[in-house]
Structures are given as C-alpha cells and as structure tokens.
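**Student:** Sharing start-v5.txt (compact mmCIF, C-alpha atoms) below.
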# COMPACT_ATOMS: atom_id res chain seq x y z
CA MET E 1 7.28 2.42 27.32
CA PHE E 2 5.02 4.88 25.48
CA SER E 3 4.14 2.30 22.82
CA ARG E 4 3.17 -0.21 25.54
CA ILE E 5 0.84 2.33 27.13
CA LEU E 6 -0.67 3.10 23.73
CA ILE E 7 -1.23 -0.59 22.99
CA PHE E 8 -2.88 -1.02 26.41
CA LEU E 9 -5.18 1.92 25.68
CA PHE E 10 -5.87 0.44 22.24
CA THR E 11 -6.86 -2.90 23.77
CA PHE E 12 -9.10 -1.19 26.30
CA SER E 13 -10.67 1.11 23.72
CA THR E 14 -11.22 -1.86 21.39
CA ILE E 15 -13.35 -3.54 24.04
CA VAL E 16 -15.33 -0.36 24.67
CA ILE E 17 -15.59 1.08 21.14
CA ASN E 18 -15.90 -2.08 19.06
CA ALA E 19 -19.50 -2.29 20.18
CA GLN E 20 -19.94 1.08 18.46
CA ILE E 21 -17.70 0.77 15.37
CA THR E 22 -18.74 -2.34 13.47
CA LYS E 23 -17.77 -1.41 9.93
CA GLY E 24 -16.36 1.38 7.83
CA LYS E 25 -15.05 2.61 4.54
CA VAL E 26 -12.03 4.85 3.94
CA HIS E 27 -11.20 6.69 0.73
CA TYR E 28 -7.49 7.40 0.23
CA THR E 29 -5.83 9.73 -2.24
CA ILE E 30 -2.51 8.51 -3.64
CA SER E 31 -0.09 11.26 -4.67
CA ILE E 32 3.44 11.28 -6.05
CA GLU E 33 5.78 14.24 -5.89
CA PRO E 34 6.41 15.22 -9.54
CA PHE E 35 9.81 14.42 -11.04
CA ASP E 36 11.71 17.44 -12.32
CA SER E 37 12.62 17.58 -16.02
CA LYS E 38 16.30 16.80 -15.38
CA LYS E 39 15.43 13.63 -13.45
CA ILE E 40 12.98 12.53 -16.16
CA ASP E 41 15.59 13.07 -18.90
CA SER E 42 18.21 11.22 -16.85
CA LEU E 43 15.98 8.17 -16.34
CA ALA E 44 14.62 8.14 -19.90
CA ASN E 45 18.07 8.48 -21.46
CA SER E 46 19.59 5.69 -19.40
CA PRO E 47 22.10 3.60 -21.41
CA SER E 48 19.94 0.54 -20.74
CA ILE E 49 17.10 2.10 -22.79
CA LYS E 50 18.37 2.03 -26.37
CA LYS E 51 15.21 2.47 -28.47
CA ALA E 52 13.83 5.98 -29.09
CA ASN E 53 10.21 4.88 -28.74
CA MET E 54 10.97 3.32 -25.34
CA ARG E 55 12.63 6.55 -24.19
CA LYS E 56 9.56 8.52 -25.22
CA TRP E 57 7.32 6.01 -23.42
CA MET E 58 9.43 6.35 -20.28
CA LYS E 59 9.18 10.16 -20.36
CA ASP E 60 5.41 10.03 -20.76
CA PHE E 61 5.17 7.43 -18.00
CA LEU E 62 7.14 9.53 -15.50
CA LYS E 63 5.14 12.66 -16.32
CA ASN E 64 1.75 10.98 -15.94
CA ASN E 65 1.31 10.85 -12.17
CA GLU E 66 -2.14 12.30 -11.54
CA ASP E 67 -3.68 11.55 -8.14
CA VAL E 68 -5.86 8.45 -7.86
CA THR E 69 -8.36 7.19 -5.28
CA SER E 70 -8.44 3.86 -3.47
CA ILE E 71 -10.87 2.37 -0.95
CA LEU E 72 -10.41 0.36 2.24
CA SER E 73 -13.55 -1.46 3.40
CA PHE E 74 -13.53 -3.10 6.82
CA THR E 75 -15.55 -4.86 9.49
CA ASN E 76 -14.43 -5.71 13.03
CA ASN E 77 -11.91 -8.30 11.93
CA GLU E 78 -11.61 -8.14 8.13
CA ALA E 79 -10.46 -5.57 5.59
CA LEU E 80 -10.06 -5.36 1.82
CA TYR E 81 -8.18 -2.59 0.02
CA MET E 82 -8.27 -1.90 -3.71
CA LEU E 83 -8.17 0.87 -6.27
CA GLU E 84 -11.48 2.63 -6.89
CA GLU E 85 -13.33 0.58 -9.51
CA LYS E 86 -13.65 3.33 -12.12
CA MET E 87 -9.88 3.89 -11.94
CA GLN E 88 -9.22 0.18 -12.44
CA LEU E 89 -11.19 0.37 -15.67
CA ASP E 90 -9.35 3.44 -16.97
CA GLU E 91 -6.36 1.83 -18.69
CA LYS E 92 -5.95 4.21 -21.61
CA LYS E 93 -2.92 5.78 -19.96
CA VAL E 94 -0.23 4.20 -17.81
CA ASN E 95 -0.50 6.21 -14.60
CA LEU E 96 2.42 5.94 -12.18
CA SER E 97 0.16 6.87 -9.23
CA ARG E 98 -2.25 4.08 -10.15
CA ILE E 99 0.59 1.55 -10.12
CA ILE E 100 1.80 2.85 -6.72
CA ALA E 101 -1.78 2.63 -5.41
CA GLY E 102 -1.86 -1.10 -6.20
CA GLY E 103 -3.28 -1.27 -9.72
CA LYS E 104 -5.64 -4.23 -10.00
CA ASN E 105 -4.19 -5.90 -6.91
CA LYS E 106 -6.37 -6.62 -3.88
CA PHE E 107 -5.01 -6.51 -0.32
CA TYR E 108 -6.76 -8.64 2.30
CA THR E 109 -6.25 -8.76 6.07
CA ASN E 110 -8.05 -10.83 8.69
CA THR E 111 -7.07 -10.34 12.33
CA THR E 112 -9.00 -13.40 13.50
CA THR E 113 -7.49 -15.98 11.14
CA LYS E 114 -4.17 -14.06 10.88
CA GLU E 115 -4.40 -14.03 7.10
CA TYR E 116 -2.52 -11.22 5.40
CA PHE E 117 -2.06 -11.45 1.63
CA LYS E 118 -2.39 -9.62 -1.65
CA GLN E 119 -3.89 -11.00 -4.84
CA VAL E 120 -1.76 -9.97 -7.80
CA GLU E 121 -2.04 -10.66 -11.52
CA ILE E 122 1.14 -11.02 -13.55
CA GLY E 123 0.08 -13.30 -16.37
CA GLU E 124 -1.49 -15.53 -13.71
CA LEU E 125 -3.25 -14.89 -10.41
CA LEU E 126 -1.13 -15.18 -7.26
CA ARG E 127 -1.89 -14.80 -3.57
CA VAL E 128 1.25 -13.42 -1.97
CA GLU E 129 1.64 -13.29 1.78
CA MET E 130 2.13 -9.89 3.43
CA LYS E 131 4.37 -9.63 6.47
CA PRO E 132 3.63 -7.03 9.16
CA PHE E 133 6.00 -4.11 9.45
CA ASP E 134 8.16 -3.75 12.57
CA TRP E 135 6.62 -0.43 13.59
CA LYS E 136 8.28 1.97 16.04
CA ILE E 137 5.61 4.15 17.65
CA THR E 138 6.56 7.69 18.67
CA GLN E 139 4.88 10.37 20.79
CA GLU E 140 4.68 12.78 17.85
CA THR E 141 1.11 13.68 16.90
CA LYS E 142 -0.81 15.59 14.27
CA THR E 143 -4.45 15.96 13.29
CA ILE E 144 -5.86 14.48 10.10
CA GLY E 145 -9.44 15.61 9.61
CA LYS E 146 -10.96 15.39 13.08
CA TYR E 147 -8.69 12.58 14.26
CA ILE E 148 -5.56 12.89 16.42
CA CYS E 149 -2.92 10.63 14.89
CA TYR E 150 0.35 9.22 16.19
CA LYS E 151 3.48 8.76 14.12
CA ALA E 152 5.06 5.35 13.60
CA THR E 153 8.04 4.43 11.44
CA ALA E 154 9.43 1.22 10.00
CA THR E 155 12.49 0.40 7.92
CA LYS E 156 12.61 -2.48 5.47
CA GLU E 157 15.43 -3.78 3.31
CA THR E 158 14.27 -4.21 -0.26
CA GLU E 159 15.97 -5.45 -3.39
CA ASN E 160 15.62 -4.34 -6.99
CA SER E 161 17.71 -4.51 -10.16
CA ARG E 162 20.24 -2.12 -8.58
CA GLY E 163 20.72 -4.22 -5.45
CA LEU E 164 19.74 -3.91 -1.78
CA HIS E 165 18.60 -0.67 -0.21
CA LYS E 166 16.75 0.42 2.91
CA LYS E 167 13.36 2.09 2.70
CA THR E 168 11.78 4.01 5.58
CA THR E 169 8.01 4.23 5.87
CA THR E 170 6.14 6.73 8.04
CA ALA E 171 2.58 5.97 9.13
CA TRP E 172 0.09 8.18 10.92
CA PHE E 173 -2.61 6.19 12.76
CA THR E 174 -5.49 7.06 15.06
CA PRO E 175 -6.33 4.97 18.16
CA THR E 176 -9.74 6.65 18.06
CA ILE E 177 -10.68 4.07 15.40
CA PRO E 178 -9.32 0.91 17.08
CA VAL E 179 -8.77 -1.41 14.13
CA ASN E 180 -5.43 -2.75 12.88
CA PHE E 181 -6.03 -1.92 9.24
CA GLY E 182 -4.56 0.46 6.68
CA PRO E 183 -4.02 0.94 2.95
CA LYS E 184 -2.22 -1.65 0.82
CA GLU E 185 0.26 -3.76 2.80
CA TYR E 186 0.41 -1.28 5.68
CA PHE E 187 -1.30 -2.66 8.80
CA GLY E 188 -0.62 -3.86 12.32
CA LEU E 189 -0.76 -0.61 14.31
CA PRO E 190 -3.05 0.04 17.31
CA GLY E 191 -5.45 2.15 15.28
CA LEU E 192 -6.56 2.82 11.71
CA ILE E 193 -3.76 4.14 9.47
CA LEU E 194 -4.83 7.44 7.91
CA GLU E 195 -1.61 8.39 6.12
CA ILE E 196 1.48 6.71 4.69
CA ILE E 197 4.56 8.63 3.55
CA GLU E 198 7.30 6.76 1.71
CA ASP E 199 9.93 8.34 -0.52
CA LYS E 200 8.05 10.53 -3.02
CA LYS E 201 4.64 8.96 -2.48
CA SER E 202 1.86 9.60 0.00
CA ILE E 203 -1.38 7.76 0.72
CA LYS E 204 -3.79 9.90 2.73
CA ALA E 205 -7.34 9.34 3.97
CA THR E 206 -9.68 11.97 2.53
CA LYS E 207 -13.05 10.50 3.49
CA ILE E 208 -13.92 8.24 6.43
CA THR E 209 -17.36 6.71 6.86
CA LEU E 210 -18.04 4.64 9.99
CA ASN E 211 -21.05 2.42 10.59
CA THR E 212 -22.39 3.33 7.18
CA THR E 213 -25.91 2.24 6.34
CA GLU E 214 -24.43 0.71 3.21
CA LYS E 215 -23.95 -3.03 3.54
CA ILE E 216 -20.24 -3.88 3.64
CA THR E 217 -19.33 -7.42 2.69
CA ILE E 218 -15.65 -8.31 2.61
CA LYS E 219 -15.03 -10.78 -0.21
CA ARG E 220 -11.88 -12.72 0.56
CA PRO E 221 -9.92 -13.36 -2.67
CA THR E 222 -9.81 -17.11 -3.22
CA LYS E 223 -8.24 -17.47 -6.66
CA GLY E 224 -4.52 -17.69 -7.28
CA LYS E 225 -1.54 -19.78 -6.36
CA LYS E 226 -0.26 -19.19 -2.81
CA MET E 227 3.22 -17.75 -2.61
CA THR E 228 5.52 -16.43 0.09
CA GLN E 229 6.95 -12.92 -0.13
CA GLU E 230 10.42 -14.43 -0.64
CA GLU E 231 9.21 -16.51 -3.58
CA TYR E 232 7.52 -13.47 -5.09
CA ASP E 233 10.70 -11.40 -4.69
CA GLU E 234 12.73 -14.15 -6.36
CA MET E 235 10.27 -14.14 -9.27
CA GLY E 236 10.83 -10.40 -9.62
CA ARG E 237 14.62 -10.80 -9.61
CA ASP E 238 14.40 -13.45 -12.32
CA PHE E 239 12.19 -11.17 -14.41
CA PHE E 240 14.69 -8.31 -14.32
CA LYS E 241 17.61 -10.65 -15.05
CA ASN E 242 15.83 -11.91 -18.17
CA LEU E 243 15.00 -8.33 -19.14
CA ASP E 244 18.68 -7.34 -18.89
CA ARG E 245 19.70 -10.31 -21.05
CA ARG E 246 17.25 -9.24 -23.76
CA ARG E 247 18.61 -5.68 -23.70
CA ASN E 248 22.14 -6.91 -24.07
Would it be possible to restate this file's structure as structure tokens?
**Tutor:**
Amino acid sequence: MFSRILIFLFTFSTIVINAQITKGKVHYTISIEPFDSKKIDSLANSPSIKKANMRKWMKDFLKNNEDVTSILSFTNNEALYMLEEKMQLDEKKVNLSRIIAGGKNKFYTNTTTKEYFKQVEIGELLRVEMKPFDWKITQETKTIGKYICYKATATKETENSRGLHKKTTTAWFTPTIPVNFGPKEYFGLPGLILEIIEDKKSIKATKITLNTTEKITIKRPTKGKKMTQEEYDEMGRDFFKNLDRRRN
C-alpha cells in the first residue's frame, strides 16, 4: 500500500517538477570494505591457484581497493553512467573498486524507448540488456546530503563458478528528484537512486548538480553485438569452465 502511494506521489511530482528539473549530473563514490589479511591469504592460497606469481598478483589485487568516482548524466528521459574519464585512463594498477564501479563499461537507460543496456568490452564490444530489479519499497528513511531518501530492497539469484546464490541489494532513492535513474544497472525506482549497498560494496552520491549550465548530451552507445542477459551469463559460465580446464 505504501509503495503505491509513493508511486502516485512520484507520478504527480514528475508532472509538477519535471518542468523544473530538465537535466543533471551525479558523482558517485564507489567503496569496498577492505578484506582482512586472513581472508586475503585464504583466497590467494586457494588450491586452484598453483603458481606463486599468480598468488602474489591475487594478494595485490585484493589489497588494492581505493575508492573511485563515477558519473551519471541524465536528461528527462535518458541517462548514461560510466567511470570518471581520468580513472578509465589510469590502468597502471588493477583496482578492485574500479572493476566494481563498471570499468570501461557504459550503462544506458531510456524511459521513453524502454531501452536498458550496458556496453561491455571483452575482446569485442557487446550491448547487453539490463533487466529492472524487482524492488520492494519500505517506509524506512534516511537523509543523504539534503535529500530525504527511502529504502528499497531487491533479491536476485546469480550464478558464478561456485554455483547459484542469492544476492540482496539495498537502494536509497529520493522522490524529490523524480527520475527513474541510478548508478550502473540499478534503476526503476520512483526517484533518483543516491546510494546502493550490496555485500561489501557501496555506491554513494557525493555531488548532485541539477539544471547545470553545462550542456548535457547523452550519447547512446551504438557499437557492439546485441545480447540478452542470459546469453551473457552463459558466456561467463563457458569462460570459467575453460579456465578450470586449463588449471587442471
């Protein structure tokens, strides 16, 4: 019942406020809770990692999780999310936070054409569809900056080399900015998503600029083979199967 009321208010506020909010830019900081030394040693010394240089690489990789910045640019009906350009260019170190933030991937949403996809590069360019989360909106609130935000949660079943597992995502969104956008693949709530919390990672808005004088042009990614999320997941499973065969 509460979520229906909120969606009604969102629809009403969209009609009223959209005339005022025509574009914006959000800077997010991506953080990862540091792994303790025991966890790092356990992962790096896994029986599947047999070479000493690979174990050292894994330790360095898990330790290097400095915060990174990403940017969401949006208009009334379009949004594009990507890592801050200077961080895309800094490839001297493999940063776990940068990978979590999306790396070189671009995430595009269009509420008019109902296009939701990410452009990824894994040897070739792909445009992979993004499916909306099944959000459950709660009455719990908190303030981020000057915005009152509501809590929403979603649970998805994901699959990796260890099998199926459920992952719960918490989003904090503000109906004060009535757009359906958010960072990465997180969208579809009645208000801009200002924070995502998932496992050890967090994506939090640190700077919000609305109706900036800067011209904002959303460039829809056009290059890359179209692929469903299921096809992309299958590609990932095949990759890890081949990797296991090489190790053995």
**Student:** So how far away is atom CA of Leu62 of chain E from atom CA of Phe35 of chain E, in Å?
**Tutor:** 7.1 Å
**Student:** Please check which residues have atoms at most 10 Å from (-10.2, -5.1, -3.8) in the file's coordinates, counting all atoms listed in the file, and write them as a short mmCIF file (atom, residue, chain, number, x, y, z; two decimals) with C-alpha atoms, in the frame of the given file.
**Tutor:**
data_model
loop_
_atom_site.label_atom_id
_atom_site.label_comp_id
_atom_site.auth_asym_id
_atom_site.auth_seq_id
_atom_site.Cartn_x
_atom_site.Cartn_y
_atom_site.Cartn_z
CA SER E 70 -8.44 3.86 -3.47
CA ILE E 71 -10.87 2.37 -0.95
CA LEU E 72 -10.41 0.36 2.24
CA SER E 73 -13.55 -1.46 3.40
CA ALA E 79 -10.46 -5.57 5.59
CA LEU E 80 -10.06 -5.36 1.82
CA TYR E 81 -8.18 -2.59 0.02
CA MET E 82 -8.27 -1.90 -3.71
CA LEU E 83 -8.17 0.87 -6.27
CA GLU E 84 -11.48 2.63 -6.89
CA GLU E 85 -13.33 0.58 -9.51
CA GLY E 102 -1.86 -1.10 -6.20
CA GLY E 103 -3.28 -1.27 -9.72
CA LYS E 104 -5.64 -4.23 -10.00
CA ASN E 105 -4.19 -5.90 -6.91
CA LYS E 106 -6.37 -6.62 -3.88
CA PHE E 107 -5.01 -6.51 -0.32
CA TYR E 108 -6.76 -8.64 2.30
CA LYS E 118 -2.39 -9.62 -1.65
CA GLN E 119 -3.89 -11.00 -4.84
CA LYS E 184 -2.22 -1.65 0.82
CA ILE E 218 -15.65 -8.31 2.61
CA LYS E 219 -15.03 -10.78 -0.21
CA ARG E 220 -11.88 -12.72 0.56
CA PRO E 221 -9.92 -13.36 -2.67
#
**Student:** Can you tell me how far atom CA of Pro34 of chain E sits from atom CA of Asn65 of chain E, in Å to one decimal?
**Tutor:** 7.2 Å
**Student:** At a cut-off of 7 Å, using all atoms listed in the file, what residues contact Met130 of chain E? Leave out same-chain residues fewer than 6 positions from it and give the result as a PDB file with C-alpha atoms, keeping the file's coordinate frame.
**Tutor:**
ATOM      1  CA  TYR E 116      -2.520 -11.220   5.400  1.00  0.00           C
ATOM      2  CA  PHE E 117      -2.060 -11.450   1.630  1.00  0.00           C
ATOM      3  CA  LYS E 118      -2.390  -9.620  -1.650  1.00  0.00           C
ATOM      4  CA  GLU E 185       0.260  -3.760   2.800  1.00  0.00           C
ATOM      5  CA  GLN E 229       6.950 -12.920  -0.130  1.00  0.00           C
TER       6      GLN E 229
END
**Student:** Please report the interatomic distance between atom CA of Thr112 of chain E and atom CA of Ile148 of chain E in Å with one decimal.
**Tutor:**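 Between atom CA of Thr112 of chain E and atom CA of Ile148 of chain E the gap works out to 26.7 Å.
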**Student:** Can you pull out the residues contacting Glu157 of chain E? Cut-off 9 Å, using all atoms listed in the file, and skip same-chain residues under 5 positions away; I want them as a list in words.
**Tutor:**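 So, after excluding close chain neighbours, the residues are Leu164, His165, Lys166, Lys167 and Thr168 of chain E.
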**Student:** Counting all atoms listed in the file, which residue out of E:Asn211, E:Thr222, E:Thr75, E:Thr69 sits closest to Thr29 of chain E?
**Tutor:** E:Thr69
**Student:** I want to know what sits within 6 Å of segment 199-209 of chain E, based on only C-alpha atoms, with residues of the same chain fewer than 6 positions away left out; could you give that as an MDAnalysis selection string?
**Tutor:** chainID E and resid 24:33
**Student:** Nearest to Thr153 of chain E: which of E:Ile197, E:Ser97, E:Thr176, E:Pro190 is it, counting only C-alpha atoms?
**Tutor:** E:Ile197
**Student:** Compare E:Asn95, E:Phe133, E:Phe187, E:Ala52 by their minimum atom-to-atom distance to Val68 of chain E, counting all atoms listed in the file, and give me the closest one.
**Tutor:**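 Of E:Asn95, E:Phe133, E:Phe187, E:Ala52, the one nearest Val68 of chain E, counting all atoms listed in the file, is E:Asn95.
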**Student:** For Ile177 of chain E, which of E:Asn76, E:Ser46, E:Asn110, E:Thr138 is the closest residue, counting all atoms listed in the file?
**Tutor:**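 Selected residue with least distance to Ile177 of chain E: E:Asn76.
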**Student:** Restricting the calculation to all atoms listed in the file, which member of E:Ile122, E:Thr141, E:Ala101, E:Ala154 is positioned closest to Asp67 of chain E?
**Tutor:** E:Ala101
**Student:** E:Lys142, E:Lys51, E:Lys114, E:Arg127: which is nearest Thr228 of chain E, counting all atoms listed in the file?
**Tutor:** E:Arg127
